[in-house]
Each structure stands twice: as C-alpha cells, then as structure tokens.
file query.cif (mmCIF, C-alpha atoms)
data_protein
#
loop_
_atom_site.label_atom_id
_atom_site.label_comp_id
_atom_site.auth_asym_id
_atom_site.auth_seq_id
_atom_site.Cartn_x
_atom_site.Cartn_y
_atom_site.Cartn_z
CA MET A 1 18.81 9.28 36.38
CA ASN A 2 18.07 12.59 38.09
CA VAL A 3 16.24 15.47 36.43
CA ILE A 4 19.42 17.32 35.44
CA GLU A 5 20.87 14.22 33.80
CA TYR A 6 17.56 13.88 31.94
CA ILE A 7 17.78 17.47 30.70
CA LYS A 8 21.43 17.05 29.67
CA ASN A 9 20.39 14.14 27.47
CA LEU A 10 17.85 16.19 25.54
CA GLU A 11 18.87 16.50 21.91
CA ASN A 12 18.14 20.23 21.85
CA CYS A 13 19.38 21.10 25.35
CA LEU A 14 21.35 24.25 24.45
CA LEU A 15 18.66 25.52 22.08
CA LEU A 16 16.02 24.97 24.76
CA PHE A 17 18.22 26.67 27.34
CA ASN A 18 18.70 29.73 25.11
CA SER A 19 14.96 30.05 24.52
CA THR A 20 14.16 30.09 28.24
CA PHE A 21 15.68 33.55 28.72
CA ASP A 22 12.71 35.13 26.95
CA THR A 23 9.98 32.82 28.24
CA PRO A 24 7.63 34.40 30.78
CA ILE A 25 7.17 32.52 34.02
CA SER A 26 4.90 33.43 36.93
CA SER A 27 5.76 32.46 40.45
CA PHE A 28 4.03 32.37 43.79
CA HIS A 29 5.95 32.20 47.06
CA LEU A 30 4.21 31.02 50.22
CA ASP A 31 5.99 31.57 53.52
CA ASN A 32 5.31 30.12 56.94
CA ASN A 33 7.72 31.39 59.60
CA LYS A 34 6.34 29.12 62.30
CA MET A 35 7.55 26.03 60.45
CA GLU A 36 10.49 27.80 58.75
CA ALA A 37 8.97 26.53 55.53
CA ARG A 38 8.65 28.04 52.09
CA THR A 39 6.79 26.90 49.04
CA PHE A 40 7.59 28.08 45.53
CA ILE A 41 5.08 27.50 42.76
CA TYR A 42 6.06 28.31 39.19
CA MET A 43 3.30 28.62 36.59
CA MET A 44 3.87 27.98 32.91
CA ASP A 45 0.97 28.40 30.54
CA LYS A 46 0.85 25.66 27.88
CA LYS A 47 0.05 28.32 25.25
CA ILE A 48 3.67 29.47 25.70
CA THR A 49 5.42 26.46 27.21
CA LYS A 50 4.69 23.71 24.72
CA SER A 51 6.25 20.57 26.22
CA ILE A 52 7.30 18.95 29.46
CA ASP A 53 10.92 19.35 28.34
CA ASP A 54 10.38 23.10 27.92
CA ALA A 55 8.74 23.28 31.34
CA LEU A 56 11.62 21.43 33.00
CA MET A 57 14.21 23.68 31.40
CA ILE A 58 12.32 26.87 32.19
CA SER A 59 11.38 26.04 35.76
CA ILE A 60 14.61 24.43 36.90
CA ILE A 61 17.50 25.78 34.90
CA GLN A 62 16.29 29.24 34.00
CA GLU A 63 14.99 29.76 37.54
CA PHE A 64 18.55 29.21 38.70
CA VAL A 65 20.00 31.50 36.04
CA ARG A 66 17.61 34.31 36.94
CA PHE A 67 17.88 34.01 40.71
CA GLY A 68 20.93 31.83 41.33
CA ASP A 69 24.47 32.03 42.63
CA PHE A 70 26.35 33.02 39.49
CA TYR A 71 26.88 36.37 37.82
CA PHE A 72 26.91 35.84 34.07
CA LYS A 73 28.05 39.16 32.66
CA ASN A 74 30.57 38.11 29.99
CA GLU A 75 30.05 34.37 29.76
CA SER A 76 28.74 32.41 26.81
CA LYS A 77 25.44 30.57 27.11
CA THR A 78 27.35 27.28 26.83
CA GLU A 79 29.53 28.16 29.84
CA ILE A 80 26.48 29.31 31.82
CA LEU A 81 24.65 26.09 31.00
CA ASP A 82 27.65 23.98 32.07
CA LYS A 83 27.93 25.80 35.42
CA VAL A 84 24.20 25.61 36.05
CA MET A 85 24.09 21.90 35.19
CA THR A 86 27.03 21.14 37.48
CA HIS A 87 25.48 23.00 40.39
CA LEU A 88 21.98 21.58 39.89
CA ASN A 89 23.25 18.06 39.33
CA HIS A 90 24.81 18.30 42.78
CA HIS A 91 21.55 19.74 44.19
CA PHE A 92 19.34 17.01 42.74
CA GLY A 93 21.96 14.38 43.52
CA ASN A 94 20.58 10.86 43.59
CA SER A 95 16.92 11.84 43.32
CA GLU A 96 15.22 9.82 40.64
CA PHE A 97 13.33 11.66 37.91
CA GLU A 98 10.17 9.64 37.35
CA LEU A 99 6.42 9.73 36.96
CA ASP A 100 4.55 9.54 40.26
CA SER A 101 0.94 8.38 40.29
CA LYS A 102 0.39 8.89 44.04
CA ILE A 103 1.13 12.63 44.30
CA THR A 104 -1.24 15.13 42.69
CA PHE A 105 -1.29 18.91 42.55
CA GLU A 106 -4.76 18.90 44.13
CA ASN A 107 -3.44 17.02 47.17
CA LYS A 108 -0.39 19.24 47.55
CA ILE A 109 -2.26 22.54 47.28
CA LYS A 110 -5.25 21.49 49.43
CA GLY A 111 -3.22 21.67 52.64
CA TYR A 112 -2.51 25.36 52.05
CA GLU A 113 -6.18 26.23 52.49
CA LYS A 114 -5.64 25.82 56.25
CA TRP A 115 -1.87 26.19 56.54
CA PRO A 116 -0.93 29.36 58.50
CA LEU A 117 0.75 31.41 55.78
CA THR A 118 2.63 34.53 56.92
CA ARG A 119 3.28 35.98 53.47
CA ILE A 120 2.33 35.26 49.85
CA TYR A 121 4.17 37.15 47.16
CA MET A 122 4.50 36.89 43.40
CA ASN A 123 7.22 36.80 40.76
CA GLU A 124 10.18 36.98 43.14
CA ASP A 125 9.02 40.47 44.21
CA TRP A 126 8.89 40.65 48.01
CA ASP A 127 6.62 43.73 47.80
CA SER A 128 4.10 42.17 45.41
CA THR A 129 1.95 40.44 48.02
CA ILE A 130 -1.44 38.82 47.57
CA SER A 131 -3.95 37.46 50.06
CA ARG A 132 -4.84 33.85 50.66
CA THR A 133 -8.23 34.54 49.00
CA GLU A 134 -6.52 35.96 45.91
CA LEU A 135 -4.24 32.93 45.73
CA PHE A 136 -7.13 30.47 45.83
CA GLU A 137 -9.08 32.44 43.21
CA GLN A 138 -6.35 31.84 40.60
CA SER A 139 -7.57 29.66 37.71
CA TRP A 140 -4.46 27.43 37.73
CA ILE A 141 -4.97 26.45 41.35
CA LYS A 142 -8.22 24.67 40.46
CA GLU A 143 -6.66 22.50 37.76
CA LYS A 144 -6.38 18.73 38.15
CA SER A 145 -3.12 16.88 37.56
CA ILE A 146 -2.77 14.85 34.40
CA ARG A 147 0.77 13.73 35.22
CA THR A 148 3.18 14.27 38.08
CA PHE A 149 6.93 14.26 37.62
CA HIS A 150 8.92 13.60 40.77
CA LEU A 151 12.07 15.71 40.83
CA LYS A 152 13.26 15.35 44.41
CA SER A 153 12.10 14.16 47.82
CA GLU A 154 14.16 14.55 50.94
CA TRP A 155 13.09 15.12 54.50
CA ASN A 156 13.22 18.91 54.07
CA ASP A 157 12.84 19.35 50.31
CA GLU A 158 10.09 18.14 47.97
CA ASP A 159 10.05 19.07 44.30
CA TYR A 160 7.48 18.12 41.67
CA LEU A 161 6.40 19.21 38.21
CA PHE A 162 2.69 18.79 37.58
CA GLU A 163 1.07 18.77 34.18
CA THR A 164 -2.55 19.95 34.08
CA GLU A 165 -4.82 20.63 31.13
CA ASN A 166 -3.62 24.23 30.71
CA TYR A 167 -0.41 24.53 32.73
CA TYR A 168 2.85 23.06 33.86
CA ILE A 169 3.20 23.76 37.56
CA ARG A 170 6.48 23.37 39.41
CA PHE A 171 5.94 22.88 43.12
CA ASN A 172 8.83 23.07 45.56
CA TRP A 173 8.42 22.85 49.32
CA GLY A 174 11.35 23.10 51.68
CA THR A 175 12.45 24.09 55.13
CA SER A 176 15.52 25.94 56.23
CA ALA A 177 16.40 23.03 58.50
#
call {"tool": "encode", "arguments": {"input": "query.cif", "output": "structure tokens"}}
result
Amino acid sequence: MNVIEYIKNLENCLLLFNSTFDTPISSFHLDNNKMEARTFIYMMDKKITKSIDDALMISIIQEFVRFGDFYFKNESKTEILDKVMTHLNHHFGNSEFELDSKITFENKIKGYEKWPLTRIYMNEDWDSTISRTELFEQSWIKEKSIRTFHLKSEWNDEDYLFETENYYIRFNWGTSA
C-alpha cells in the first residue's frame, strides 16, 4: 500500500482533509544548482499537529492543494480531495508506505552541513531567504528521530516523514533529472 492508499483508508479522511486548510505549516527549501537538486522540509509542531495521520494529510495532500496543479475556485472539498488523491496516487505509485529503522532525520540533515547550498528560503516565499547558519540554529533541526515513515524512494526522489519528540518533519529530496 502506498501512502495515498493509506490516507484514503483513514476513517476520517475528509474531515482531516478539511481541517488541513487552516493548519499552519512551515517549510524550508534548500537548493543546489550544481546538482540540480532541491530539498523541501515541512515542519509541523506537535502542539498543533496531533497525530501522524494529521501530519501525513497536512504535509502531502494540503501541500499539493496549496501549491499544486489544480485551481479549486468553485469545487467542493470532496471533488478537490478526489482529484488530489488521484494525482498523488499516481505520483507515489508503487512506493510502499512503511516504517524504516535505517533512515533517521539526523542522518539526512547532517549532509547539508557541508552540501553546497545556493539558496535557502522559507514558506514557499522565494524572497524569504535565510543563511545556512540560521537554518542550523533552528530548534527542530537538532531533534532526534523517534520513527521514520518511508513514503517514496526512487533514484531521483526520496520522501520521508520523521517523527521527533516535538515535531513531524516531512523531508523530500529530488533532482530535476
């Protein structure tokens, strides 16, 4: 089962989807032109995002709704959810949604201390840049993984959801290849 199939099977899928529209999410975008690579990190504070199901819905589905391919002016939330699920089910394809004990947030983020980043910006705002130092001073970046959920791994696309003591952290790395 992929992550979208998992979400579709949630008993309160539509209710959860509706609640994501008002849930704050912080994002960090790390670019490296040399490798044509981008990393997106979505932060969800556990004081607001109460469960792993909430975190999945917010970080995957609502991310797509906010920044995706559809324009939703006069469509019902049910129709939006159906379109989003269809698109994302295709995107996640045959990737298995499972716990992964080998991958940790600490290991994934450690490489960025030396990785040649060309731009770091926040909350989908190209003009809201921060420095490498500011990035590594963030409290969430020092958290240790409790659990890692594997969402997708392909040769040019890795996607994980990490649970730490205080946050859910979605980590997506990909290339334009």
call {"tool": "residues_around", "arguments": {"input": "query.cif", "residues": "A:Leu14", "least_positions_apart": "3", "cutoff": "9 Å", "atoms": "all atoms listed in the file", "output": "PyMOL selection string"}}
result
chain A and resi 8+10-11+17-19+77-78+81
call {"tool": "atom_distance", "arguments": {"input": "query.cif", "atom1": "atom CA of A:Glu134", "atom2": "atom CA of A:Glu106"}}
result
17.2 Å
call {"tool": "atom_distance", "arguments": {"input": "query.cif", "atom1": "atom CA of A:Met122", "atom2": "atom CA of A:Ser27"}}
result
5.5 Å
call {"tool": "resolve_selection", "arguments": {"input": "query.cif", "expression": "the PyMOL selection byres ((chain A and resi 162-170) around 10)", "output": "number ranges by chain"}}
result
A: 26-27, 40-52, 54-56, 58-60, 99-100, 103-106, 139-151, 159-161, 171-172
call {"tool": "write_last_selection", "arguments": {"input": "query.cif", "atoms": "C-alpha atoms", "output": "PDB file, keeping the file's coordinate frame"}}
result
ATOM      1  CA  SER A  26       4.900  33.430  36.930  1.00  0.00           C
ATOM      2  CA  SER A  27       5.760  32.460  40.450  1.00  0.00           C
ATOM      3  CA  PHE A  40       7.590  28.080  45.530  1.00  0.00           C
ATOM      4  CA  ILE A  41       5.080  27.500  42.760  1.00  0.00           C
ATOM      5  CA  TYR A  42       6.060  28.310  39.190  1.00  0.00           C
ATOM      6  CA  MET A  43       3.300  28.620  36.590  1.00  0.00           C
ATOM      7  CA  MET A  44       3.870  27.980  32.910  1.00  0.00           C
ATOM      8  CA  ASP A  45       0.970  28.400  30.540  1.00  0.00           C
ATOM      9  CA  LYS A  46       0.850  25.660  27.880  1.00  0.00           C
ATOM     10  CA  LYS A  47       0.050  28.320  25.250  1.00  0.00           C
ATOM     11  CA  ILE A  48       3.670  29.470  25.700  1.00  0.00           C
ATOM     12  CA  THR A  49       5.420  26.460  27.210  1.00  0.00           C
ATOM     13  CA  LYS A  50       4.690  23.710  24.720  1.00  0.00           C
ATOM     14  CA  SER A  51       6.250  20.570  26.220  1.00  0.00           C
ATOM     15  CA  ILE A  52       7.300  18.950  29.460  1.00  0.00           C
ATOM     16  CA  ASP A  54      10.380  23.100  27.920  1.00  0.00           C
ATOM     17  CA  ALA A  55       8.740  23.280  31.340  1.00  0.00           C
ATOM     18  CA  LEU A  56      11.620  21.430  33.000  1.00  0.00           C
ATOM     19  CA  ILE A  58      12.320  26.870  32.190  1.00  0.00           C
ATOM     20  CA  SER A  59      11.380  26.040  35.760  1.00  0.00           C
ATOM     21  CA  ILE A  60      14.610  24.430  36.900  1.00  0.00           C
ATOM     22  CA  LEU A  99       6.420   9.730  36.960  1.00  0.00           C
ATOM     23  CA  ASP A 100       4.550   9.540  40.260  1.00  0.00           C
ATOM     24  CA  ILE A 103       1.130  12.630  44.300  1.00  0.00           C
ATOM     25  CA  THR A 104      -1.240  15.130  42.690  1.00  0.00           C
ATOM     26  CA  PHE A 105      -1.290  18.910  42.550  1.00  0.00           C
ATOM     27  CA  GLU A 106      -4.760  18.900  44.130  1.00  0.00           C
ATOM     28  CA  SER A 139      -7.570  29.660  37.710  1.00  0.00           C
ATOM     29  CA  TRP A 140      -4.460  27.430  37.730  1.00  0.00           C
ATOM     30  CA  ILE A 141      -4.970  26.450  41.350  1.00  0.00           C
ATOM     31  CA  LYS A 142      -8.220  24.670  40.460  1.00  0.00           C
ATOM     32  CA  GLU A 143      -6.660  22.500  37.760  1.00  0.00           C
ATOM     33  CA  LYS A 144      -6.380  18.730  38.150  1.00  0.00           C
ATOM     34  CA  SER A 145      -3.120  16.880  37.560  1.00  0.00           C
ATOM     35  CA  ILE A 146      -2.770  14.850  34.400  1.00  0.00           C
ATOM     36  CA  ARG A 147       0.770  13.730  35.220  1.00  0.00           C
ATOM     37  CA  THR A 148       3.180  14.270  38.080  1.00  0.00           C
ATOM     38  CA  PHE A 149       6.930  14.260  37.620  1.00  0.00           C
ATOM     39  CA  HIS A 150       8.920  13.600  40.770  1.00  0.00           C
ATOM     40  CA  LEU A 151      12.070  15.710  40.830  1.00  0.00           C
ATOM     41  CA  ASP A 159      10.050  19.070  44.300  1.00  0.00           C
ATOM     42  CA  TYR A 160       7.480  18.120  41.670  1.00  0.00           C
ATOM     43  CA  LEU A 161       6.400  19.210  38.210  1.00  0.00           C
ATOM     44  CA  PHE A 171       5.940  22.880  43.120  1.00  0.00           C
ATOM     45  CA  ASN A 172       8.830  23.070  45.560  1.00  0.00           C
TER      46      ASN A 172
END
call {"tool": "resolve_selection", "arguments": {"input": "query.cif", "expression": "the PyMOL selection byres ((chain A and resi 130) around 6)", "output": "number ranges by chain"}}
result
A: 120-121, 129, 131
call {"tool": "closest_residue", "arguments": {"input": "query.cif", "among": "A:Thr23, A:Ser76, A:Asn12, A:Asn32", "to": "A:Asp53", "atoms": "only C-alpha atoms"}}
result
A:Asn12
call {"tool": "atom_distance", "arguments": {"input": "query.cif", "atom1": "atom CA of A:Tyr6", "atom2": "atom CA of A:Phe97"}}
result
7.6 Å
call {"tool": "closest_residue", "arguments": {"input": "query.cif", "among": "A:Lys83, A:Met57, A:Gly174, A:Cys13", "to": "A:Ile25", "atoms": "all atoms listed in the file"}}
result
A:Met57
call {"tool": "closest_residue", "arguments": {"input": "query.cif", "among": "A:Trp155, A:Thr39, A:Asp127, A:Ser95", "to": "A:Lys108", "atoms": "only C-alpha atoms"}}
result
A:Thr39
call {"tool": "axis_aligned_box", "arguments": {"input": "query.cif", "around": "stretch 145-150 of chain A", "padding_each_side": "4 Å", "output": "lines of an AutoDock Vina configuration file"}}
result
center_x = 2.9
center_y = 15.2
center_z = 37.6
size_x = 20.0
size_y = 11.3
size_z = 14.4
